[in-house]
Structure formats: C-alpha cells, structure tokens
>>> print(open('model01.cif').read())   # mmCIF, C-alpha atoms
data_entry
#
loop_
_atom_site.label_atom_id
_atom_site.label_comp_id
_atom_site.auth_asym_id
_atom_site.auth_seq_id
_atom_site.Cartn_x
_atom_site.Cartn_y
_atom_site.Cartn_z
CA MET A 1 -57.53 -38.94 -33.07
CA ARG A 2 -58.42 -37.21 -36.34
CA ILE A 3 -61.69 -35.28 -36.26
CA VAL A 4 -63.45 -33.45 -39.06
CA TYR A 5 -66.05 -30.86 -38.12
CA ILE A 6 -68.59 -29.80 -40.74
CA SER A 7 -70.30 -26.47 -40.12
CA GLU A 8 -72.01 -24.27 -42.69
CA LEU A 9 -70.40 -21.19 -41.12
CA PHE A 10 -67.23 -20.80 -39.12
CA PRO A 11 -65.49 -17.70 -37.76
CA PRO A 12 -65.00 -15.07 -39.02
CA ARG A 13 -68.36 -15.80 -40.67
CA ILE A 14 -70.79 -15.89 -37.76
CA VAL A 15 -74.57 -15.69 -37.55
CA GLY A 16 -75.15 -16.91 -34.00
CA GLY A 17 -74.18 -19.15 -31.13
CA ALA A 18 -73.79 -22.30 -33.25
CA GLU A 19 -70.70 -20.94 -34.96
CA ILE A 20 -69.26 -19.60 -31.71
CA PHE A 21 -69.66 -22.98 -30.05
CA ALA A 22 -68.32 -24.95 -33.03
CA ALA A 23 -65.20 -22.79 -33.11
CA ALA A 24 -64.63 -23.09 -29.36
CA LEU A 25 -65.07 -26.87 -29.49
CA ALA A 26 -62.72 -27.33 -32.45
CA SER A 27 -60.00 -25.15 -30.90
CA ALA A 28 -60.29 -26.89 -27.56
CA MET A 29 -59.99 -30.34 -29.14
CA ALA A 30 -56.94 -29.21 -31.11
CA MET A 31 -55.36 -28.08 -27.84
CA THR A 32 -55.75 -31.60 -26.45
CA GLY A 33 -53.51 -32.85 -29.25
CA MET A 34 -56.17 -34.08 -31.67
CA ASP A 35 -55.81 -33.54 -35.42
CA VAL A 36 -58.73 -31.20 -36.18
CA THR A 37 -60.05 -30.04 -39.54
CA VAL A 38 -63.14 -27.94 -40.21
CA ILE A 39 -65.04 -28.09 -43.51
CA THR A 40 -67.15 -24.99 -43.93
CA LEU A 41 -69.26 -23.41 -46.67
CA GLY A 42 -67.25 -21.00 -48.79
CA ASP A 43 -68.66 -17.86 -50.38
CA SER A 44 -68.57 -18.48 -54.13
CA ARG A 45 -68.26 -14.73 -54.70
CA GLN A 46 -64.90 -14.75 -52.89
CA ARG A 47 -63.61 -18.15 -53.88
CA THR A 48 -60.20 -19.16 -52.53
CA SER A 49 -58.35 -22.45 -52.64
CA ALA A 50 -56.07 -21.64 -49.72
CA ASP A 51 -56.67 -23.50 -46.46
CA ARG A 52 -56.38 -21.55 -43.22
CA TYR A 53 -55.05 -22.51 -39.82
CA VAL A 54 -56.53 -20.89 -36.71
CA ASP A 55 -55.58 -22.02 -33.18
CA GLY A 56 -54.22 -25.29 -34.54
CA VAL A 57 -57.38 -26.00 -36.57
CA LYS A 58 -57.20 -26.50 -40.33
CA ILE A 59 -60.11 -24.80 -42.09
CA ILE A 60 -61.16 -25.94 -45.56
CA GLN A 61 -63.77 -24.05 -47.54
CA ALA A 62 -66.03 -26.13 -49.77
CA TYR A 63 -67.94 -24.72 -52.73
CA PRO A 64 -70.79 -27.09 -53.56
CA TRP A 65 -73.15 -25.87 -56.25
CA ASN A 66 -76.20 -24.14 -54.79
CA ILE A 67 -79.09 -22.10 -56.14
CA TYR A 68 -77.52 -19.13 -54.32
CA TYR A 69 -75.17 -18.37 -51.44
CA PRO A 70 -77.52 -18.13 -48.43
CA TYR A 71 -75.53 -15.53 -46.48
CA ASP A 72 -75.03 -12.76 -49.02
CA GLY A 73 -77.77 -10.59 -47.50
CA THR A 74 -79.96 -10.72 -50.62
CA LYS A 75 -83.70 -11.21 -50.18
CA ARG A 76 -85.08 -13.87 -52.53
CA SER A 77 -88.57 -14.58 -53.78
CA LEU A 78 -90.54 -17.50 -52.37
CA PRO A 79 -90.10 -19.72 -55.48
CA VAL A 80 -86.33 -19.19 -55.41
CA ARG A 81 -86.17 -19.99 -51.69
CA LEU A 82 -88.24 -23.13 -52.22
CA ALA A 83 -85.90 -24.20 -55.02
CA PHE A 84 -82.89 -23.64 -52.75
CA HIS A 85 -84.36 -25.74 -49.93
CA ALA A 86 -85.40 -28.51 -52.32
CA TRP A 87 -81.89 -28.71 -53.81
CA GLU A 88 -80.23 -28.44 -50.38
CA SER A 89 -82.14 -31.54 -49.29
CA VAL A 90 -80.53 -33.63 -52.05
CA ASN A 91 -77.39 -31.64 -52.83
CA LEU A 92 -75.38 -34.14 -54.85
CA SER A 93 -72.62 -31.58 -55.44
CA ALA A 94 -72.10 -31.23 -51.66
CA TYR A 95 -72.28 -35.00 -51.28
CA ARG A 96 -69.53 -35.59 -53.87
CA GLN A 97 -67.30 -32.87 -52.43
CA THR A 98 -67.75 -34.23 -48.92
CA VAL A 99 -66.83 -37.75 -50.04
CA THR A 100 -63.70 -36.45 -51.78
CA LEU A 101 -62.60 -34.40 -48.77
CA LEU A 102 -63.25 -37.20 -46.26
CA LYS A 103 -61.32 -39.69 -48.37
CA SER A 104 -58.32 -37.35 -48.42
CA LEU A 105 -58.52 -36.44 -44.72
CA GLU A 106 -59.25 -39.99 -43.45
CA PRO A 107 -60.83 -38.88 -40.15
CA ASP A 108 -61.63 -41.25 -37.31
CA LEU A 109 -64.84 -39.35 -36.64
CA VAL A 110 -67.03 -36.63 -38.20
CA HIS A 111 -68.83 -34.11 -36.00
CA THR A 112 -71.47 -32.00 -37.76
CA HIS A 113 -73.16 -28.80 -36.67
CA ASN A 114 -75.48 -26.70 -38.85
CA LEU A 115 -75.50 -28.13 -42.40
CA GLY A 116 -77.13 -25.36 -44.42
CA GLY A 117 -75.68 -25.29 -47.93
CA PHE A 118 -74.37 -28.84 -47.49
CA GLY A 119 -77.54 -30.75 -46.72
CA GLU A 120 -77.91 -33.98 -44.80
CA LEU A 121 -76.33 -35.99 -47.62
CA ALA A 122 -73.08 -34.98 -45.91
CA TRP A 123 -74.06 -37.60 -43.32
CA LEU A 124 -74.54 -40.19 -46.04
CA ALA A 125 -71.08 -39.39 -47.39
CA ALA A 126 -69.47 -40.17 -44.04
CA ALA A 127 -71.71 -43.18 -43.36
CA ARG A 128 -70.84 -44.82 -46.68
CA LEU A 129 -67.16 -44.42 -45.86
CA GLY A 130 -67.76 -46.15 -42.52
CA ILE A 131 -66.94 -43.04 -40.49
CA PRO A 132 -68.96 -42.57 -37.27
CA ILE A 133 -70.93 -39.33 -37.13
CA ILE A 134 -71.88 -37.17 -34.18
CA HIS A 135 -74.36 -34.40 -34.87
CA THR A 136 -75.05 -31.49 -32.53
CA ALA A 137 -78.42 -29.86 -33.22
CA HIS A 138 -78.48 -26.10 -32.73
CA ASP A 139 -81.95 -25.49 -34.15
CA TYR A 140 -84.94 -27.27 -35.72
CA HIS A 141 -83.55 -27.76 -39.23
CA LEU A 142 -84.71 -31.38 -39.43
CA LEU A 143 -88.26 -30.32 -38.64
CA CYS A 144 -88.62 -26.97 -40.39
CA PRO A 145 -87.05 -25.35 -43.48
CA ARG A 146 -86.94 -22.05 -41.59
CA ARG A 147 -85.22 -23.84 -38.67
CA THR A 148 -87.38 -21.92 -36.20
CA LEU A 149 -90.78 -23.70 -36.20
CA LEU A 150 -92.25 -20.27 -36.95
CA ARG A 151 -94.70 -19.27 -39.64
CA SER A 152 -93.99 -16.39 -42.01
CA HIS A 153 -95.76 -13.96 -39.63
CA TYR A 154 -93.56 -15.16 -36.72
CA THR A 155 -96.12 -17.20 -34.81
CA LEU A 156 -95.28 -20.71 -33.64
CA CYS A 157 -96.18 -23.39 -36.16
CA GLN A 158 -98.45 -25.97 -34.55
CA ALA A 159 -99.68 -27.69 -37.74
CA PRO A 160 -97.12 -27.86 -40.59
CA ARG A 161 -98.37 -27.46 -44.14
CA LEU A 162 -97.99 -30.26 -46.70
CA ALA A 163 -94.67 -28.98 -48.09
CA CYS A 164 -93.28 -28.73 -44.56
CA ARG A 165 -94.52 -32.22 -43.69
CA ILE A 166 -92.71 -33.59 -46.72
CA TRP A 167 -89.56 -31.70 -45.67
CA ARG A 168 -89.84 -33.09 -42.15
CA TRP A 169 -90.42 -36.66 -43.35
CA TRP A 170 -87.35 -36.63 -45.60
CA HIS A 171 -85.04 -35.02 -43.07
CA LEU A 172 -86.11 -37.37 -40.31
CA GLN A 173 -85.35 -40.25 -42.69
CA THR A 174 -81.81 -38.90 -43.05
CA SER A 175 -81.44 -38.88 -39.26
CA ARG A 176 -80.72 -42.62 -39.37
CA TRP A 177 -77.23 -41.89 -40.72
CA PRO A 178 -75.63 -40.14 -37.70
CA THR A 179 -74.28 -42.44 -35.00
CA VAL A 180 -75.20 -40.06 -32.17
CA PHE A 181 -77.62 -37.14 -32.08
CA VAL A 182 -76.67 -34.55 -29.44
CA SER A 183 -78.94 -31.79 -28.21
CA PRO A 184 -77.92 -28.97 -25.86
CA SER A 185 -81.36 -29.10 -24.24
CA ARG A 186 -83.89 -31.73 -23.18
CA PHE A 187 -86.67 -29.71 -24.83
CA LEU A 188 -85.12 -29.79 -28.32
CA LEU A 189 -84.25 -33.47 -28.05
CA GLU A 190 -87.73 -34.54 -26.96
CA LEU A 191 -89.31 -32.48 -29.72
CA HIS A 192 -87.22 -34.35 -32.29
CA ILE A 193 -87.93 -37.74 -30.71
CA ARG A 194 -91.68 -37.11 -30.76
CA ALA A 195 -91.42 -36.09 -34.41
CA GLY A 196 -89.72 -39.38 -35.34
CA LEU A 197 -85.96 -38.98 -34.91
CA GLN A 198 -84.32 -42.19 -36.16
CA THR A 199 -80.81 -41.92 -34.74
CA LYS A 200 -80.16 -44.98 -32.60
CA ARG A 201 -78.52 -43.01 -29.82
CA SER A 202 -79.37 -39.53 -28.58
CA LEU A 203 -78.37 -37.57 -25.51
CA VAL A 204 -78.19 -34.08 -24.00
CA ILE A 205 -74.87 -32.27 -23.66
CA PRO A 206 -75.28 -28.61 -22.66
CA ASN A 207 -73.10 -26.22 -24.64
CA GLY A 208 -70.22 -24.61 -22.82
CA ILE A 209 -68.48 -21.34 -23.53
CA PRO A 210 -64.96 -20.05 -22.82
CA SER A 211 -64.85 -18.70 -19.29
CA LEU A 212 -65.23 -14.96 -18.88
CA ASN A 213 -64.76 -15.09 -15.11
CA GLU A 214 -61.38 -13.38 -15.29
CA ARG A 215 -63.14 -10.22 -16.47
CA ARG A 216 -65.68 -10.20 -13.67
CA SER A 217 -63.44 -8.34 -11.25
CA SER A 218 -63.07 -5.48 -13.74
CA ARG A 219 -66.82 -4.91 -13.96
CA ARG A 220 -67.86 -1.63 -12.42
CA GLU A 221 -69.73 -2.10 -9.16
CA ARG A 222 -72.62 0.34 -9.13
CA ARG A 223 -74.78 -0.64 -6.21
CA GLY A 224 -77.79 1.66 -6.09
CA ALA A 225 -77.00 3.39 -9.39
CA ALA A 226 -79.17 3.24 -12.50
CA LYS A 227 -78.87 -0.22 -14.00
CA THR A 228 -77.99 -1.04 -17.57
CA PHE A 229 -79.92 -3.72 -19.44
CA LEU A 230 -78.54 -5.35 -22.57
CA PHE A 231 -80.13 -7.08 -25.54
CA LEU A 232 -77.51 -8.88 -27.62
CA GLY A 233 -78.79 -10.79 -30.63
CA ARG A 234 -80.47 -10.75 -34.01
CA LEU A 235 -82.90 -7.88 -34.44
CA SER A 236 -85.83 -9.85 -35.79
CA PRO A 237 -89.45 -10.37 -34.71
CA GLU A 238 -88.98 -13.89 -33.28
CA LYS A 239 -86.38 -12.52 -30.87
CA GLY A 240 -89.05 -10.38 -29.23
CA VAL A 241 -87.49 -7.06 -30.25
CA ARG A 242 -90.80 -5.21 -30.50
CA VAL A 243 -91.88 -6.51 -27.10
CA LEU A 244 -88.51 -5.51 -25.67
CA LEU A 245 -88.72 -1.92 -26.88
CA GLU A 246 -92.30 -1.43 -25.71
CA ALA A 247 -91.61 -3.01 -22.31
CA PHE A 248 -88.50 -0.95 -21.71
CA LYS A 249 -90.23 2.27 -22.66
CA GLN A 250 -93.00 1.41 -20.20
CA ALA A 251 -90.52 0.49 -17.43
CA ALA A 252 -88.48 3.67 -17.89
CA GLU A 253 -91.58 5.87 -17.74
CA THR A 254 -92.80 4.12 -14.59
CA ALA A 255 -89.40 4.46 -12.90
CA GLU A 256 -89.27 8.16 -13.76
CA ARG A 257 -92.75 8.77 -12.29
CA SER A 258 -91.77 6.85 -9.15
CA ILE A 259 -88.61 8.95 -8.67
CA HIS A 260 -86.42 5.85 -9.12
CA SER A 261 -83.19 5.76 -11.06
CA VAL A 262 -84.26 5.25 -14.65
CA PRO A 263 -82.77 2.08 -16.16
CA ARG A 264 -80.81 2.19 -19.39
CA LEU A 265 -81.11 -0.17 -22.37
CA VAL A 266 -78.32 -1.02 -24.79
CA VAL A 267 -79.28 -2.92 -27.95
CA ALA A 268 -76.57 -4.73 -29.93
CA GLY A 269 -77.16 -6.69 -33.12
CA LYS A 270 -78.34 -6.45 -36.68
CA GLY A 271 -81.38 -7.65 -38.58
CA PRO A 272 -84.63 -6.56 -40.20
CA LEU A 273 -85.77 -4.56 -37.17
CA ALA A 274 -82.61 -2.45 -36.94
CA GLY A 275 -84.55 0.53 -38.32
CA LEU A 276 -87.18 0.20 -35.59
CA VAL A 277 -84.49 0.06 -32.90
CA THR A 278 -82.82 3.13 -34.39
CA ARG A 279 -86.08 5.09 -34.26
CA TYR A 280 -86.69 4.16 -30.62
CA ALA A 281 -83.12 5.08 -29.71
CA SER A 282 -83.31 8.44 -31.48
CA ASN A 283 -86.45 9.35 -29.50
CA SER A 284 -85.23 8.17 -26.11
CA GLU A 285 -82.49 9.23 -23.73
CA VAL A 286 -82.36 5.79 -22.10
CA ILE A 287 -82.14 3.52 -25.17
CA ARG A 288 -78.87 3.22 -27.10
CA TYR A 289 -78.29 1.20 -30.27
CA VAL A 290 -74.66 0.19 -30.85
CA GLY A 291 -75.04 -1.98 -33.95
CA PHE A 292 -73.58 -5.44 -34.44
CA VAL A 293 -70.84 -6.56 -32.05
CA SER A 294 -68.91 -9.81 -31.83
CA GLY A 295 -65.83 -11.38 -30.32
CA SER A 296 -63.75 -9.00 -28.21
CA GLU A 297 -66.28 -6.20 -28.76
CA LYS A 298 -68.69 -7.96 -26.39
CA ALA A 299 -66.46 -7.62 -23.34
CA PRO A 300 -66.88 -3.85 -22.81
CA LEU A 301 -70.64 -4.15 -23.20
CA LEU A 302 -70.93 -7.01 -20.74
CA ARG A 303 -68.56 -5.35 -18.29
CA TYR A 304 -70.99 -2.47 -17.87
CA THR A 305 -74.17 -4.51 -18.06
CA ASP A 306 -76.31 -5.36 -15.05
CA VAL A 307 -79.03 -7.51 -16.66
CA VAL A 308 -79.26 -9.32 -20.02
CA LEU A 309 -82.67 -9.50 -21.73
CA ILE A 310 -83.76 -12.47 -23.90
CA PRO A 311 -87.47 -11.86 -24.67
CA SER A 312 -87.73 -14.50 -27.42
CA LEU A 313 -91.00 -15.59 -29.02
CA TRP A 314 -89.64 -18.81 -30.51
CA TYR A 315 -88.20 -22.05 -29.13
CA GLU A 316 -84.66 -20.92 -28.36
CA ASN A 317 -82.27 -23.82 -27.89
CA GLN A 318 -79.47 -22.66 -25.59
CA PRO A 319 -78.62 -19.02 -26.24
CA VAL A 320 -74.97 -18.13 -25.80
CA ALA A 321 -76.03 -14.71 -24.50
CA ALA A 322 -77.34 -16.31 -21.28
CA LEU A 323 -74.18 -18.35 -20.69
CA GLU A 324 -71.91 -15.37 -21.30
CA ALA A 325 -73.98 -13.24 -18.94
CA TRP A 326 -73.84 -15.82 -16.16
CA SER A 327 -70.07 -16.17 -16.44
CA LEU A 328 -69.88 -12.53 -15.34
CA GLY A 329 -72.53 -12.81 -12.66
CA ILE A 330 -75.15 -11.03 -14.78
CA PRO A 331 -78.72 -12.24 -14.26
CA VAL A 332 -81.07 -12.76 -17.19
CA ILE A 333 -84.71 -11.90 -17.83
CA ALA A 334 -86.05 -14.32 -20.42
CA SER A 335 -89.21 -15.66 -21.98
CA LYS A 336 -90.66 -18.83 -20.50
CA ILE A 337 -90.67 -20.76 -23.73
CA GLY A 338 -89.00 -23.91 -25.04
CA ALA A 339 -85.47 -24.70 -23.96
CA LEU A 340 -84.95 -21.12 -22.81
CA GLY A 341 -87.54 -21.59 -20.08
CA GLU A 342 -85.94 -24.94 -19.23
CA LEU A 343 -82.49 -23.34 -18.94
CA ILE A 344 -83.54 -20.52 -16.61
CA ALA A 345 -85.81 -22.73 -14.48
CA GLN A 346 -83.04 -25.29 -13.90
CA THR A 347 -80.44 -22.71 -12.86
CA GLU A 348 -82.55 -19.91 -11.33
CA GLY A 349 -80.06 -17.60 -13.01
CA GLY A 350 -82.74 -15.04 -13.80
CA MET A 351 -86.42 -14.25 -14.08
CA LEU A 352 -88.94 -15.78 -16.50
CA VAL A 353 -91.84 -13.91 -18.10
CA PRO A 354 -94.58 -15.06 -20.50
CA PRO A 355 -93.44 -14.69 -24.13
CA GLY A 356 -94.85 -11.63 -25.86
CA ASP A 357 -96.13 -10.04 -22.63
CA ALA A 358 -94.70 -6.50 -22.61
CA ASP A 359 -96.37 -5.66 -19.28
CA ALA A 360 -94.81 -8.67 -17.52
CA LEU A 361 -91.42 -7.90 -19.03
CA ALA A 362 -91.68 -4.27 -17.91
CA ARG A 363 -92.48 -5.40 -14.34
CA ALA A 364 -89.48 -7.75 -14.30
CA ILE A 365 -87.21 -4.98 -15.59
CA LEU A 366 -88.47 -2.61 -12.90
CA ARG A 367 -87.99 -5.18 -10.16
CA LEU A 368 -84.34 -5.80 -10.97
CA ALA A 369 -83.79 -2.10 -11.65
CA THR A 370 -85.18 -0.92 -8.31
CA ASP A 371 -84.98 -3.84 -5.84
CA GLU A 372 -81.31 -4.12 -4.91
CA GLU A 373 -81.74 -7.11 -2.61
CA THR A 374 -83.52 -9.13 -5.29
CA TYR A 375 -80.96 -8.10 -7.88
CA MET A 376 -77.99 -9.18 -5.74
CA ARG A 377 -79.67 -12.52 -5.04
CA TYR A 378 -80.01 -13.18 -8.75
CA ARG A 379 -76.40 -12.16 -9.30
CA GLU A 380 -75.24 -14.91 -6.96
CA LYS A 381 -77.47 -17.44 -8.70
CA ALA A 382 -76.09 -16.34 -12.06
CA LEU A 383 -72.54 -17.05 -10.93
CA ALA A 384 -73.60 -20.46 -9.65
CA ALA A 385 -75.34 -21.20 -12.96
CA ALA A 386 -72.15 -20.40 -14.88
CA GLN A 387 -70.35 -23.30 -13.21
CA LYS A 388 -72.75 -25.75 -14.90
CA TYR A 389 -71.95 -24.56 -18.41
CA THR A 390 -68.18 -24.25 -18.58
CA LEU A 391 -66.39 -25.07 -21.80
CA LYS A 392 -63.96 -27.27 -19.85
CA GLU A 393 -66.74 -29.58 -18.68
CA CYS A 394 -68.38 -29.59 -22.12
CA ILE A 395 -65.09 -30.50 -23.83
CA ALA A 396 -64.46 -33.34 -21.41
CA THR A 397 -67.93 -34.75 -22.09
CA TYR A 398 -67.51 -34.58 -25.86
CA GLU A 399 -64.01 -36.07 -25.69
CA GLU A 400 -65.35 -39.04 -23.77
CA LEU A 401 -68.24 -39.36 -26.26
CA TYR A 402 -65.76 -39.41 -29.14
CA ARG A 403 -63.72 -42.20 -27.56
CA GLU A 404 -66.81 -44.17 -26.56
CA THR A 405 -68.27 -43.85 -30.06
CA LEU A 406 -65.07 -45.18 -31.63
CA ARG A 407 -64.93 -48.08 -29.17
CA TYR A 408 -68.49 -49.22 -29.73
CA GLN A 409 -69.18 -48.09 -33.30
CA PRO A 410 -71.93 -50.43 -34.60
CA ALA A 411 -72.05 -51.71 -38.16
CA ARG A 412 -73.89 -49.22 -40.37
CA SER A 413 -75.93 -49.72 -43.48
CA SER A 414 -75.80 -47.30 -46.39
#
>>> encode(input="model01.cif", output="structure tokens")
Amino acid sequence: MRIVYISELFPPRIVGGAEIFAAALASAMAMTGMDVTVITLGDSRQRTSADRYVDGVKIIQAYPWNIYYPYDGTKRSLPVRLAFHAWESVNLSAYRQTVTLLKSLEPDLVHTHNLGGFGELAWLAAARLGIPIIHTAHDYHLLCPRRTLLRSHYTLCQAPRLACRIWRWWHLQTSRWPTVFVSPSRFLLELHIRAGLQTKRSLVIPNGIPSLNERRSSRRERRGAAKTFLFLGRLSPEKGVRVLLEAFKQAAETAERSIHSVPRLVVAGKGPLAGLVTRYASNSEVIRYVGFVSGSEKAPLLRYTDVVLIPSLWYENQPVAALEAWSLGIPVIASKIGALGELIAQTEGGMLVPPGDADALARAILRLATDEETYMRYREKALAAAQKYTLKECIATYEELYRETLRYQPARSS
C-alpha cells in the first residue's frame, strides 16, 4: 500500500502534538512494509530540493506561494494575517503543487493532518485524482482561523464574527472532499458535526504515542519526599500559564506554612509568556524554567516528575503531555474543559479542576503533594490509562481503516 501523508510541519520542525503523532504514525506504517511519503511545508528561506528519508519515510518539502512563511517567528499586522488566511483558503499554488506531487507518487490513499500553508484545496487535489482521503483533526481549523476557538483576548468564542462565520462556512464546505474525518476525541468530533461537518463518514480514533514504559523502572522513587510538578507546553495565555504560576506560588506558600515538604515546579516550553515564567522563576526557589525541550530531552524531565500539570483555558483536543505522563505512571492535574476533561474523566488518570480557577488548582497541587495515599492511587490509575492509548493499538486501528476505506471507497464528485 502506498500512502502519502500531508502535514504542514514534520520533525524536526515541531510546534505541538500533531507533528509528533504524524511522525510516529508515518514511521510505524513504514515499519509494516507500506510505501510511505510525507509532503510537508518547506521554509522558503531555506529552500532545498533534496528529499529526505527518516525511519523508512520519504519526506518531500513543498513550497507553495504564500503571503509569508507562518513559522518564522515574525509577528504580523492584522491586515497581513487576514490576507494570509484568505489566500490559504484558496491557495491555488498549493493545489497545483499537490496535484503534481500526487500524480508522480500515485498513492493508494492520502492521509492529511494539519494543513496550514497548504489549505483545504489539497483535499480537492486528491479527490479529483480519485484518491481516497482520511483526515485527522488536531484542532479547530475548519471552524476558526486561529484554530483555537479563542478570541484575541484568549476567552472562548461563543458567537463568531461575520468574517469568522464566512471562514467557517467555506471550510465546512470543503469538508465534503475527505472520505473519512477522524477525531481523537468525541468532544471535537461532535463540535464539528454540530457546526455542519459534511464528510460522509466520521469516527473517533484516540491518538497513541510510542511507549515510554521501558523508562518507568529508572524513575527515582521518592515516597514522602518533596514532589516535582511539570508543565510541558507552549507558554501562552490559553494554556493557563498565568493561572499555573499563581496557583503554584499559593500552594508552595501554604505547604511551607503547614510544615509540609514544599513542592517544586519545572516549566518547559517557549512562547509569548516566557518572560513572565522567567520572572517568577528568578524570584522563587521552587520554580525552575528550563526552556524549550523536545524529543529525547523530555525523558530526563519526565523521569524526575511526579505530577504533570495541564491547566488549559481552551478546548484542548488530546494533549500528548497527558499520554506521555501516563505511560510513566505520572498522574495529571488538568482543566475540566473540552476534550481534556473528557480524557481525564474517562481514564481517572488524574484530577480535574475548573479552568482558570487558581485556588482550585492550588488545592489539587497540595493534595497530590502532601497526601501520599491519594497520590499513589492516581499513579496506578495513570498506568492503567496508558494502556488505552498505546501507539500499537492506534496503528492497528488506522491500518484497518486504510484497508476498509480502499475496499469500500465510494464514487466521489469533484
């Protein structure tokens, strides 16, 4: 079977869990003997024509014309951003390049992930060539140009403005081109269905991650010692970074007054609130900022972590941080919001707190920091939760979906 994956970013260019999952899926399918190619967005500032091979996967960089390269770290004005999003929605350059590449590769199936820089006309390119398309949604791109369903001041958008309604209408129209729409969570899928998703078939397949269980035995057992809490993610307001810092400061002060072992916080990541994190860390003996980490750099952090914190204020889909934590028996404290609340409630692999409630988060931190019996109970539940989200099971499900889609591919209209 020949499969082409299309993903705006692919390692070593990584922004979040979508790229990590896409890479793991592509490598795993290549290991089963499939012919796997990835088409990813190239950086026009570092243009190269050479294809790469990683873990048996051929990686092709495409360079469709765009208003700008969206991952160069430059902040653009609102009119420029609007122009970029408008062009991305009908990017004829990306469409033509996708057609050319698919004709040369002749895949049996196309599997798309995030399509920033390509636009949904990449689906039309495959559909017009008669190639079945599976799309895995990692965010709310079809519903929101920011992908987050957040307003500019980082509150949840309940009533989209006219421009956003036009965006949503067009992108939901394009959703008729994929053969199957896959969501890692029931919450994200139902949100799209209520909005008007037009794909004929949709289903939930939870993401899986490569097992980290082999590293669990090397974690330091520190029963009764001061516990280490970890935040691993983008340092931006919607991730609840401000709430995290305030809550942890409050929890540490309470523990110190109560003559308990004072918990420690490690923050890893980058983003617009990195300066705020740095200031908190410089004024605290229990908060440490280690900057951005990825890949093998995560292992030492997780090995000495007791609890992972995910205090998000937006509708997280299925954060990789939770799955990685569970694979090492690390419980999670997370916001009860969107698919994140769904994930924790289904597995009981951690504690849920109201989003944006620093007092509730501080109480949850204190409970796991000081109540050893409760902490050990959540550790066992975390290990059990990990068994539901293994990469092996996820790969098997996708492989069967691929074969089923090819067997029963319906006639498609352009």
>>> resolve_selection(input="model01.cif", expression="the PyMOL selection byres ((chain A and resi 241) around 10)", output="list in words")
Phe231, Gly233, Arg234, Leu235, Ser236, Pro237, Glu238, Lys239, Gly240, Arg242, Val243, Leu244, Leu245, Glu246, Ala247, Val267, Leu273, Ala274, Leu276, Val277, Ile310, Pro311, Ser312, Leu313 and Gly356 of chain A
>>> write_last_selection(input="model01.cif", atoms="C-alpha atoms", output="CSV table (one decimal), in the frame of the given file")
chain,number,residue,atom,x,y,z
A,231,PHE,CA,-80.1,-7.1,-25.5
A,233,GLY,CA,-78.8,-10.8,-30.6
A,234,ARG,CA,-80.5,-10.8,-34.0
A,235,LEU,CA,-82.9,-7.9,-34.4
A,236,SER,CA,-85.8,-9.8,-35.8
A,237,PRO,CA,-89.4,-10.4,-34.7
A,238,GLU,CA,-89.0,-13.9,-33.3
A,239,LYS,CA,-86.4,-12.5,-30.9
A,240,GLY,CA,-89.0,-10.4,-29.2
A,242,ARG,CA,-90.8,-5.2,-30.5
A,243,VAL,CA,-91.9,-6.5,-27.1
A,244,LEU,CA,-88.5,-5.5,-25.7
A,245,LEU,CA,-88.7,-1.9,-26.9
A,246,GLU,CA,-92.3,-1.4,-25.7
A,247,ALA,CA,-91.6,-3.0,-22.3
A,267,VAL,CA,-79.3,-2.9,-28.0
A,273,LEU,CA,-85.8,-4.6,-37.2
A,274,ALA,CA,-82.6,-2.4,-36.9
A,276,LEU,CA,-87.2,0.2,-35.6
A,277,VAL,CA,-84.5,0.1,-32.9
A,310,ILE,CA,-83.8,-12.5,-23.9
A,311,PRO,CA,-87.5,-11.9,-24.7
A,312,SER,CA,-87.7,-14.5,-27.4
A,313,LEU,CA,-91.0,-15.6,-29.0
A,356,GLY,CA,-94.8,-11.6,-25.9
>>> resolve_selection(input="model01.cif", expression="the PyMOL selection byres ((chain A and resi 363-368) around 8)", output="list in words")
Phe248, Ala251, Ala255, Val307, Ile333, Met351, Val353, Asp359, Ala360, Leu361, Ala362, Ala369, Thr370, Asp371, Glu372, Thr374 and Tyr375 of chain A
>>> atom_distance(input="model01.cif", atom1="atom CA of Pro107 of chain A", atom2="atom CA of Gly119 of chain A")
19.7 Å
>>> atom_distance(input="model01.cif", atom1="atom CA of Val308 of chain A", atom2="atom CA of Thr254 of chain A")
19.8 Å
>>> resolve_selection(input="model01.cif", expression="the PyMOL selection byres ((chain A and resi 6) around 8)", output="PyMOL selection string")
chain A and resi 4-5+7-8+38-40+110-115
>>> build_atoms(input="model01.cif", residues="segment 6-18 of chain A", atoms="N, CA and C atoms", output="short mmCIF file (atom, residue, chain, number, x, y, z; two decimals), in the frame of the given file")
data_model
loop_
_atom_site.label_atom_id
_atom_site.label_comp_id
_atom_site.auth_asym_id
_atom_site.auth_seq_id
_atom_site.Cartn_x
_atom_site.Cartn_y
_atom_site.Cartn_z
N ILE A 6 -67.92 -30.42 -39.60
CA ILE A 6 -68.59 -29.80 -40.74
C ILE A 6 -69.60 -28.80 -40.20
N SER A 7 -69.43 -27.55 -40.60
CA SER A 7 -70.30 -26.47 -40.12
C SER A 7 -70.49 -25.48 -41.25
N GLU A 8 -71.74 -25.15 -41.55
CA GLU A 8 -72.01 -24.27 -42.69
C GLU A 8 -71.25 -22.95 -42.56
N LEU A 9 -71.15 -22.42 -41.36
CA LEU A 9 -70.40 -21.19 -41.12
C LEU A 9 -69.36 -21.45 -40.04
N PHE A 10 -68.30 -20.68 -40.10
CA PHE A 10 -67.23 -20.80 -39.12
C PHE A 10 -66.54 -19.43 -39.06
N PRO A 11 -66.12 -19.01 -37.86
CA PRO A 11 -65.49 -17.70 -37.76
C PRO A 11 -64.39 -17.50 -38.81
N PRO A 12 -64.32 -16.31 -39.42
CA PRO A 12 -65.00 -15.07 -39.02
C PRO A 12 -66.44 -14.92 -39.50
N ARG A 13 -66.96 -15.88 -40.27
CA ARG A 13 -68.36 -15.80 -40.67
C ARG A 13 -69.22 -16.36 -39.55
N ILE A 14 -69.99 -15.49 -38.91
CA ILE A 14 -70.79 -15.89 -37.76
C ILE A 14 -72.19 -15.32 -37.89
N VAL A 15 -73.19 -16.16 -37.64
CA VAL A 15 -74.57 -15.69 -37.55
C VAL A 15 -75.05 -15.74 -36.11
N GLY A 16 -74.68 -16.78 -35.38
CA GLY A 16 -75.15 -16.91 -34.00
C GLY A 16 -74.29 -17.83 -33.17
N GLY A 17 -74.91 -18.36 -32.11
CA GLY A 17 -74.18 -19.15 -31.13
C GLY A 17 -73.63 -20.46 -31.66
N ALA A 18 -74.26 -21.02 -32.70
CA ALA A 18 -73.79 -22.30 -33.25
C ALA A 18 -72.36 -22.20 -33.73
#
